[in-house]
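> As input, take data.txt (compact mmCIF, C-alpha atoms):
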# COMPACT_ATOMS: atom_id res chain seq x y z
CA MET J 1 0.00 0.00 0.00
CA ALA J 2 1.39 3.27 -1.08
CA SER J 3 0.66 6.66 0.50
CA LEU J 4 1.05 10.26 -0.50
CA ALA J 5 2.15 12.54 2.28
CA ARG J 6 2.33 16.33 2.66
CA SER J 7 2.80 18.61 5.48
CA PRO J 8 0.09 18.26 8.10
CA SER J 9 -0.86 21.86 7.73
CA ALA J 10 -1.38 21.48 3.92
CA MET J 11 -3.33 18.22 3.31
CA SER J 12 -4.39 14.84 4.75
CA ILE J 13 -2.89 11.37 3.90
CA THR J 14 -4.65 9.50 1.00
CA ARG J 15 -4.74 5.65 0.95
CA ILE J 16 -5.05 3.38 -2.14
CA PRO J 17 -7.29 0.29 -1.90
CA GLN J 18 -5.79 -3.22 -2.15
CA GLY J 19 -7.79 -4.06 -5.31
CA HIS J 20 -5.70 -1.81 -7.42
CA SER J 21 -2.34 -3.03 -6.11
CA LYS J 22 -2.03 -5.75 -8.76
CA SER J 23 -2.89 -3.43 -11.59
CA LEU J 24 -0.37 -1.06 -10.29
CA GLN J 25 2.34 -3.73 -10.45
CA LEU J 26 1.37 -4.52 -14.06
CA LEU J 27 1.73 -0.92 -14.96
CA LYS J 28 5.16 -0.88 -13.51
CA ALA J 29 6.15 -3.93 -15.59
CA SER J 30 4.66 -2.60 -18.83
CA LYS J 31 5.83 0.94 -18.26
CA VAL J 32 2.58 2.35 -19.64
CA PRO J 33 1.47 5.70 -18.26
CA TYR J 34 -1.60 5.35 -16.20
CA VAL J 35 -3.52 8.02 -14.46
CA LEU J 36 -4.24 7.09 -10.95
CA PRO J 37 -7.67 8.19 -9.79
CA LEU J 38 -7.18 9.73 -6.45
CA ARG J 39 -9.74 10.71 -3.99
CA ARG J 40 -10.46 14.38 -3.28
CA ILE J 41 -7.87 15.77 -1.01
CA HIS J 42 -9.25 17.62 1.94
CA ILE J 43 -7.07 20.53 3.05
CA ARG J 44 -7.23 21.53 6.66
CA ARG J 45 -7.14 25.25 7.04
CA SER J 46 -5.07 26.25 10.04
CA PRO J 47 -6.15 29.29 12.02
CA VAL J 48 -4.50 32.52 10.97
CA CYS J 49 -3.21 34.76 13.77
CA CYS J 50 -4.21 38.34 13.12
CA THR J 51 -2.16 41.01 14.82
CA LYS J 52 -4.41 43.90 13.85
CA PHE J 53 -6.83 44.55 16.67
CA PRO J 54 -9.81 46.92 16.73
CA GLN J 55 -9.30 50.45 17.97
CA TRP J 56 -11.00 49.80 21.30
CA GLU J 57 -8.63 46.94 22.23
CA PRO J 58 -5.08 47.59 23.40
CA SER J 59 -2.39 46.85 20.82
CA PRO J 60 0.18 44.14 21.65
CA VAL J 61 2.85 46.08 19.87
CA THR J 62 5.52 47.24 22.26
CA TYR J 63 7.06 50.65 21.90
CA ALA J 64 10.73 51.26 22.38
CA LEU J 65 11.89 54.69 23.53
CA THR J 66 14.54 56.18 21.28
CA GLU J 67 16.62 59.27 21.60
CA LYS J 68 14.73 60.98 18.77
CA ALA J 69 11.40 60.46 20.44
CA GLY J 70 12.09 62.83 23.33
CA ASP J 71 9.02 64.34 24.89
CA LYS J 72 6.73 62.95 22.13
CA PHE J 73 6.82 59.43 23.57
CA LEU J 74 3.26 58.11 23.87
CA ASP J 75 1.89 61.52 22.93
CA LYS J 76 -1.50 59.99 22.25
CA SER J 77 -3.11 56.96 23.79
CA SER J 78 -3.66 53.80 21.78
CA GLU J 79 -7.10 53.22 23.23
CA LEU J 80 -10.17 54.72 21.67
CA PHE J 81 -12.09 55.58 24.83
CA GLU J 82 -9.07 57.12 26.52
CA THR J 83 -8.43 59.26 23.46
CA LEU J 84 -12.03 60.42 23.37
CA ARG J 85 -11.90 61.14 27.10
CA SER J 86 -8.73 63.24 26.77
CA GLU J 87 -10.11 65.16 23.81
CA SER J 88 -13.35 65.91 25.65
CA SER J 89 -11.43 67.07 28.75
CA ASP J 90 -9.27 69.34 26.57
CA SER J 91 -12.35 70.86 24.99
CA LYS J 92 -13.90 71.41 28.43
CA ASP J 93 -10.70 73.11 29.65
CA GLU J 94 -10.66 75.40 26.63
CA ALA J 95 -14.32 76.26 27.15
CA SER J 96 -13.75 77.03 30.84
CA ILE J 97 -10.75 79.22 29.97
CA THR J 98 -12.76 81.19 27.43
CA LYS J 99 -15.61 81.59 29.92
CA ALA J 100 -13.19 82.82 32.59
CA GLU J 101 -11.68 85.33 30.16
CA ASP J 102 -15.12 86.60 29.22
CA ARG J 103 -16.03 86.88 32.91
CA THR J 104 -12.87 88.84 33.70
CA ASP J 105 -13.52 91.14 30.77
CA THR J 106 -17.05 91.82 31.97
CA THR J 107 -15.89 92.42 35.55
CA ASN J 108 -13.04 94.68 34.49
CA GLN J 109 -15.43 96.96 32.64
CA PRO J 110 -17.27 98.21 35.76
CA VAL J 111 -13.95 98.36 37.63
CA ALA J 112 -12.52 100.63 34.95
CA GLN J 113 -15.66 102.76 35.16
CA LEU J 114 -15.30 103.06 38.95
CA GLN J 115 -11.75 104.34 38.54
CA PHE J 116 -13.12 107.57 37.06
CA LEU J 117 -15.04 108.16 40.29
CA LYS J 118 -11.80 108.20 42.29
CA TRP J 119 -10.24 111.11 40.42
CA PRO J 120 -12.52 113.87 41.82
CA LEU J 121 -12.04 112.48 45.34
CA TRP J 122 -8.38 113.48 45.30
CA LEU J 123 -9.53 117.11 45.30
CA LEU J 124 -12.86 116.75 47.07
CA GLY J 125 -11.46 115.08 50.19
CA PRO J 126 -8.87 117.75 51.05
CA SER J 127 -11.41 120.47 50.21
CA VAL J 128 -13.88 119.03 52.73
CA LEU J 129 -11.12 118.85 55.34
CA LEU J 130 -10.12 122.45 54.67
CA GLY J 131 -13.69 123.77 54.74
CA THR J 132 -14.71 122.01 57.96
CA GLY J 133 -11.51 122.39 59.95
CA MET J 134 -9.33 125.30 58.97
CA VAL J 135 -11.80 127.88 57.70
CA PRO J 136 -13.89 128.17 60.94
CA THR J 137 -10.79 128.22 63.13
CA LEU J 138 -8.85 130.76 61.07
CA TRP J 139 -11.56 133.12 59.79
CA LEU J 140 -14.23 133.19 62.48
CA PRO J 141 -13.56 135.93 65.03
CA ILE J 142 -13.25 134.96 68.69
CA SER J 143 -16.15 137.22 69.66
CA THR J 144 -18.63 135.14 67.64
CA ILE J 145 -17.80 131.87 69.39
CA PHE J 146 -16.67 133.09 72.79
CA ILE J 147 -19.03 135.12 74.91
CA GLY J 148 -17.42 134.49 78.28
CA PRO J 149 -16.44 131.74 80.70
CA ASN J 150 -19.77 129.97 80.55
CA VAL J 151 -21.42 126.85 79.17
CA VAL J 152 -22.54 128.60 75.95
CA SER J 153 -18.97 129.32 74.95
CA LEU J 154 -17.99 125.75 75.81
CA LEU J 155 -20.78 124.34 73.61
CA SER J 156 -19.90 126.65 70.71
CA LEU J 157 -16.27 125.52 70.82
CA ILE J 158 -17.32 121.86 70.98
CA GLY J 159 -19.61 122.50 67.98
CA LEU J 160 -16.65 123.78 65.95
CA ASP J 161 -14.68 120.66 66.81
CA CYS J 162 -17.67 118.47 65.89
CA ILE J 163 -17.81 120.13 62.46
CA PHE J 164 -14.12 119.34 61.99
CA ASN J 165 -14.64 115.76 63.16
CA LEU J 166 -17.43 115.33 60.59
CA GLY J 167 -15.19 116.63 57.80
CA CYS J 168 -12.30 114.49 59.02
CA THR J 169 -14.48 111.37 58.95
CA LEU J 170 -15.56 112.09 55.37
CA PHE J 171 -11.96 112.70 54.38
CA LEU J 172 -10.80 109.40 55.88
CA LEU J 173 -13.60 107.51 54.14
CA MET J 174 -12.59 109.02 50.79
CA ALA J 175 -8.94 108.24 51.47
CA ASP J 176 -9.81 104.64 52.32
CA TYR J 177 -11.77 104.30 49.08
CA CYS J 178 -8.91 105.73 47.02
CA ALA J 179 -6.36 103.51 48.78
CA LYS J 180 -8.09 100.31 47.68
CA SER J 181 -6.64 98.36 44.76
CA LYS J 182 -7.98 98.69 41.23
CA ASN J 183 -9.24 95.11 41.32
CA LEU J 184 -12.09 95.19 43.80
CA GLY J 185 -11.91 91.42 44.20
CA GLN J 186 -8.56 91.67 45.88
CA ALA J 187 -8.45 92.47 49.54
CA SER J 188 -6.46 95.65 50.29
CA LYS J 189 -5.83 95.29 54.03
CA SER J 190 -2.88 96.79 55.88
CA LYS J 191 -2.04 95.93 59.46
CA PRO J 192 0.13 98.44 61.35
CA PRO J 193 3.16 97.17 63.30
CA VAL J 194 2.81 96.59 67.02
CA SER J 195 5.58 99.10 67.74
CA TYR J 196 3.62 101.78 65.89
CA GLN J 197 0.47 101.04 67.87
CA PHE J 198 2.40 101.16 71.14
CA TRP J 199 4.02 104.48 70.26
CA ASN J 200 0.70 106.06 69.31
CA LEU J 201 -0.94 104.90 72.52
CA VAL J 202 1.93 106.29 74.59
CA ALA J 203 1.81 109.66 72.80
CA THR J 204 -1.98 109.93 73.10
CA LEU J 205 -2.11 108.90 76.75
CA THR J 206 0.66 111.35 77.60
CA GLY J 207 -1.22 114.18 75.89
CA LEU J 208 -4.32 113.15 77.84
CA ALA J 209 -2.65 112.75 81.22
CA ILE J 210 -0.95 116.18 81.33
CA PRO J 211 -4.15 118.36 81.33
CA LEU J 212 -5.90 115.95 83.72
CA MET J 213 -3.00 116.26 86.16
CA MET J 214 -3.20 120.05 85.88
CA LEU J 215 -6.92 119.91 86.65
CA PHE J 216 -6.33 117.65 89.64
CA GLY J 217 -3.59 119.91 90.99
CA SER J 218 -5.74 123.01 90.57
CA GLN J 219 -8.74 121.47 92.31
CA LYS J 220 -6.59 120.22 95.21
CA GLY J 221 -4.88 123.58 95.63
CA TYR J 222 -1.43 122.43 94.60
CA LEU J 223 -1.37 124.98 91.78
CA GLN J 224 -1.96 128.63 92.57
CA PRO J 225 -3.93 130.60 91.73
CA GLN J 226 -6.75 128.16 91.32
CA LEU J 227 -8.67 127.95 88.05
CA PRO J 228 -12.42 127.21 88.23
CA PHE J 229 -13.80 124.25 86.34
CA ILE J 230 -15.79 126.18 83.68
CA PRO J 231 -12.84 128.30 82.47
CA TYR J 232 -10.69 125.18 82.51
CA ALA J 233 -13.32 123.33 80.43
CA VAL J 234 -13.48 126.23 77.95
CA LEU J 235 -9.69 126.14 77.49
CA LEU J 236 -8.99 122.37 77.46
CA GLY J 237 -12.40 120.66 77.36
CA PRO J 238 -12.66 120.47 73.52
CA TYR J 239 -9.02 119.32 73.39
CA ILE J 240 -9.68 116.35 75.72
CA LEU J 241 -12.88 115.41 73.88
CA LEU J 242 -11.29 115.43 70.42
CA LEU J 243 -8.28 113.48 71.71
CA SER J 244 -10.63 110.74 72.92
CA VAL J 245 -12.32 110.66 69.51
CA GLN J 246 -8.90 110.29 67.86
CA MET J 247 -8.04 107.31 70.06
CA LEU J 248 -11.31 105.63 69.12
CA THR J 249 -10.82 106.30 65.41
CA GLU J 250 -7.28 104.91 65.41
CA MET J 251 -8.35 101.75 67.19
CA LEU J 252 -11.10 101.21 64.62
CA THR J 253 -8.65 101.60 61.73
CA TRP J 254 -6.31 99.09 63.40
CA HIS J 255 -9.14 96.63 63.93
CA TRP J 256 -10.43 96.95 60.34
CA GLU J 257 -6.86 96.88 58.96
CA SER J 258 -7.63 99.91 56.87
CA PRO J 259 -4.76 101.43 54.83
CA ILE J 260 -5.49 104.88 56.34
CA TRP J 261 -3.99 103.98 59.75
CA LEU J 262 -0.92 106.04 58.84
CA VAL J 263 -2.93 109.15 57.84
CA THR J 264 -5.40 109.31 60.74
CA PRO J 265 -3.08 110.65 63.49
CA VAL J 266 -1.50 113.18 61.12
CA VAL J 267 -4.88 114.77 60.34
CA TYR J 268 -5.97 114.98 63.97
CA GLU J 269 -2.62 116.19 65.27
CA ALA J 270 -2.39 118.96 62.67
CA TYR J 271 -5.79 120.27 63.78
CA ARG J 272 -4.82 119.85 67.44
CA VAL J 273 -2.01 122.37 67.05
CA LEU J 274 -4.53 124.95 65.78
CA GLN J 275 -6.89 123.99 68.58
CA LEU J 276 -4.26 124.67 71.23
CA MET J 277 -3.26 127.93 69.56
CA ARG J 278 -6.91 128.95 69.84
CA GLY J 279 -6.74 128.02 73.53
CA LEU J 280 -3.83 130.43 73.97
CA LYS J 281 -5.95 133.27 72.59
CA LEU J 282 -8.84 132.32 74.84
CA GLY J 283 -6.46 132.19 77.83
CA VAL J 284 -5.57 135.80 77.22
CA GLU J 285 -9.27 136.69 77.10
CA LEU J 286 -9.92 134.79 80.33
CA SER J 287 -6.81 136.10 82.11
CA ALA J 288 -5.76 132.52 82.85
CA PRO J 289 -2.96 131.91 85.37
CA ALA J 290 0.61 131.51 84.19
CA TRP J 291 0.81 127.79 84.92
CA MET J 292 -2.20 127.22 82.63
CA MET J 293 -0.62 129.20 79.77
CA HIS J 294 2.64 127.28 80.18
CA THR J 295 0.73 124.02 80.14
CA ILE J 296 -0.95 124.91 76.82
CA ARG J 297 2.40 125.97 75.32
CA GLY J 298 3.93 122.70 76.47
CA LEU J 299 1.11 120.75 74.83
CA VAL J 300 1.67 122.66 71.57
CA CYS J 301 5.34 121.71 71.60
CA TRP J 302 4.52 118.09 72.46
CA TRP J 303 2.12 117.64 69.57
CA VAL J 304 4.41 119.37 67.08
CA LEU J 305 7.07 116.85 68.10
CA ILE J 306 4.65 113.94 67.70
CA LEU J 307 3.51 115.27 64.33
CA GLY J 308 7.12 115.36 63.14
CA VAL J 309 7.61 111.75 64.24
CA GLN J 310 4.45 110.74 62.36
CA LEU J 311 5.68 112.42 59.17
CA MET J 312 9.00 110.59 59.49
CA ARG J 313 7.04 107.35 59.83
CA VAL J 314 5.24 108.16 56.58
CA ALA J 315 8.61 108.55 54.85
CA TRP J 316 9.82 105.26 56.41
CA PHE J 317 6.70 103.44 55.25
CA ALA J 318 7.14 104.74 51.69
CA GLY J 319 10.72 103.42 51.62
CA PHE J 320 9.66 100.11 53.15
CA THR J 321 6.97 99.67 50.49
CA ALA J 322 9.46 100.44 47.71
CA ARG J 323 11.92 97.85 49.05
CA ALA J 324 9.19 95.23 49.36
CA GLN J 325 8.07 95.81 45.76
CA ARG J 326 11.67 95.58 44.54
CA GLN J 327 12.23 92.29 46.34
CA GLN J 328 8.97 90.88 44.99
CA SER J 329 9.85 91.86 41.42
CA SER J 330 13.34 90.32 41.73
CA ALA J 331 11.88 87.12 43.17
CA SER J 332 9.37 86.86 40.32
CA ALA J 333 12.15 87.47 37.77
CA ASP J 334 14.27 84.70 39.26
CA ALA J 335 11.33 82.32 39.22
Now that the file is in, can you turn its structure into structure tokens?


Amino acid sequence: MASLARSPSAMSITRIPQGHSKSLQLLKASKVPYVLPLRRIHIRRSPVCCTKFPQWEPSPVTYALTEKAGDKFLDKSSELFETLRSESSDSKDEASITKAEDRTDTTNQPVAQLQFLKWPLWLLGPSVLLGTGMVPTLWLPISTIFIGPNVVSLLSLIGLDCIFNLGCTLFLLMADYCAKSKNLGQASKSKPPVSYQFWNLVATLTGLAIPLMMLFGSQKGYLQPQLPFIPYAVLLGPYILLLSVQMLTEMLTWHWESPIWLVTPVVYEAYRVLQLMRGLKLGVELSAPAWMMHTIRGLVCWWVLILGVQLMRVAWFAGFTARAQRQQSSASADA
């Protein structure tokens, strides 16, 4: 029995029946060509391994990082859903950025419009301070506000100081508004140093303690000649009242961390010098004792000294702010 064989992956083995074996031997002896009828060969098809996968399945191909690839290695994902997810997140980020830019543009428009309102305040604020503080003190004659050592004169003097306090409050509010940053969303708070607060409290309490000690000495008879309470109140009563208002205003600016904490004592102390100079004129009208006139002159000198220290602190703060801005700009440049 003869057999034809091929590779197992190409075809199956075909067998010849025994009945044809004798005829096959005769053909060999006669050497006559004979066509052998073979059965149909059945080819077994082996499974073909396909390396091309759909887009939603991960590819088995391995990537090798080369020097030319650099930062572009695996720039895009090989998976369909991850690619769609990244593209959708990128589109959302771009949309959010455009919305934020539009929102900032719309918010900057009213901010730019509000900047025009600040320009007249630079002239209006000092004008209010001048009209309520300096004009009544400098131009009103003493005879219109001082009738004699009585309660009416005391109330008229306190009324003048109340008018100044009203103008000073408006001025400080305008200054606080102008001191805020252009971007209203940013907080513009400024906290004064502890040493500055301590110095201001010491200066204010000293200016408050001196006239109270003079009053106590006069009432106890330690200072001669004695000065009655009403003339004393006419001379130094408005001074003590306005000094208390200044202490309260400064504490409020420190608590609110307003940027006008450096301007508040300068405004009050400048008016206080004029207030004490007015007290010297009234002392002449009242024929006040010498110790009272020396006390008022000493207070004038004290507050001129404190005012000079405050102005030097303004210069120091300007230099400190310039140095801080320079360091911040250098740090940002290095980064």

> From the set J:Cys162, J:Val263, J:Gly283, J:Leu130, which residue has the shortest atom-to-atom contact distance to Phe146 in chain J, counting all atoms listed in the file?

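Ranked by minimum distance to Phe146 in chain J, first place goes to J:Gly283.
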
> How far is it from CA of Tyr239 in chain J to CA of Ser287 in chain J, in Å with one decimal?

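CA of Ser287 in chain J lies 19.0 Å from CA of Tyr239 in chain J.
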
> Return as JSON the box centre and box size in Å, one decimal, for an axis-aligned box around all listed atoms of range 152-165 of chain J padded by 4 Å per side.


{"center_x": -18.3, "center_y": 122.5, "center_z": 69.0, "size_x": 16.4, "size_y": 21.6, "size_z": 22.0}

> Separation of CA of Leu205 in chain J and CA of Tyr222 in chain J, in Å?

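So the two atoms, CA of Leu205 in chain J and CA of Tyr222 in chain J, lie 22.4 Å apart.
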
> Report the distance between CA of Ile158 in chain J and CA of Val309 in chain J in Å, rounded to one decimal place.

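If I compute the distance from CA of Ile158 in chain J to CA of Val309 in chain J, I get 27.7 Å.
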
> Counting only C-alpha atoms, which residue out of J:Leu215, J:Gly131, J:Leu252, J:Arg313 sits closest to Pro228 in chain J?

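Ranked by minimum distance to Pro228 in chain J, first place goes to J:Leu215.
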
> List the spatial neighbours of Arg297 in chain J as number ranges by chain - criterion: any atom at most 12 Å away, only C-alpha atoms, same-chain residues fewer than 3 positions off excluded.

J: 210-211, 273-281, 283, 290-294, 300-304

> For Glu257 in chain J, please output as a ChimeraX atom specification all residues within 10 Å (counting only C-alpha atoms; exclusion window: fewer than 5 positions along the same chain).

/J:188-192,251-252

> For the residues selected in the previous step, produce a file with C-alpha atoms as a compact mmCIF listing (two decimals), keeping the file's coordinate frame.


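Contents of the output file again_25.txt:
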# COMPACT_ATOMS: atom_id res chain seq x y z
CA SER J 188 -6.46 95.65 50.29
CA LYS J 189 -5.83 95.29 54.03
CA SER J 190 -2.88 96.79 55.88
CA LYS J 191 -2.04 95.93 59.46
CA PRO J 192 0.13 98.44 61.35
CA MET J 251 -8.35 101.75 67.19
CA LEU J 252 -11.10 101.21 64.62

> Extract, using only C-alpha atoms, all DNA, RNA and protein residues at most 8 Å from Val234 in chain J, discarding same-chain residues fewer than 5 positions from it, and format them as a ChimeraX atom specification.

/J:149-150,153-154,157

> Please produce an output containing C-alpha atoms for each residue in the selection, written as a PDB file, in the frame of the given file.


ATOM      1  CA  PRO J 149     -16.440 131.740  80.700  1.00  0.00           C
ATOM      2  CA  ASN J 150     -19.770 129.970  80.550  1.00  0.00           C
ATOM      3  CA  SER J 153     -18.970 129.320  74.950  1.00  0.00           C
ATOM      4  CA  LEU J 154     -17.990 125.750  75.810  1.00  0.00           C
ATOM      5  CA  LEU J 157     -16.270 125.520  70.820  1.00  0.00           C
TER       6      LEU J 157
END

> Can you work out which one of J:Val245, J:Leu124, J:Ala324, J:Ala288 has the shortest atom-to-atom distance to Gln224 in chain J, counting only C-alpha atoms?

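Comparing J:Val245, J:Leu124, J:Ala324, J:Ala288 against Gln224 in chain J, the winner is J:Ala288.
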
> Given all atoms listed in the file as the basis, pick out the residue of J:Val128, J:Leu236, J:Leu305, J:Val266 nearest to Leu173 in chain J.

J:Val128

> Nearest to Gln246 in chain J among J:Pro231, J:Gly217, J:Gly207, J:Gly159, with distances taken over only C-alpha atoms: which residue is it?

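Distance minimum relative to Gln246 in chain J lands on J:Gly207.
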
> Which residue out of J:Gly148, J:Pro238, J:Pro259, J:Gly167 has the minimum interatomic distance to Met134 in chain J when only C-alpha atoms are used?

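Smallest separation from Met134 in chain J among the options: J:Gly167.
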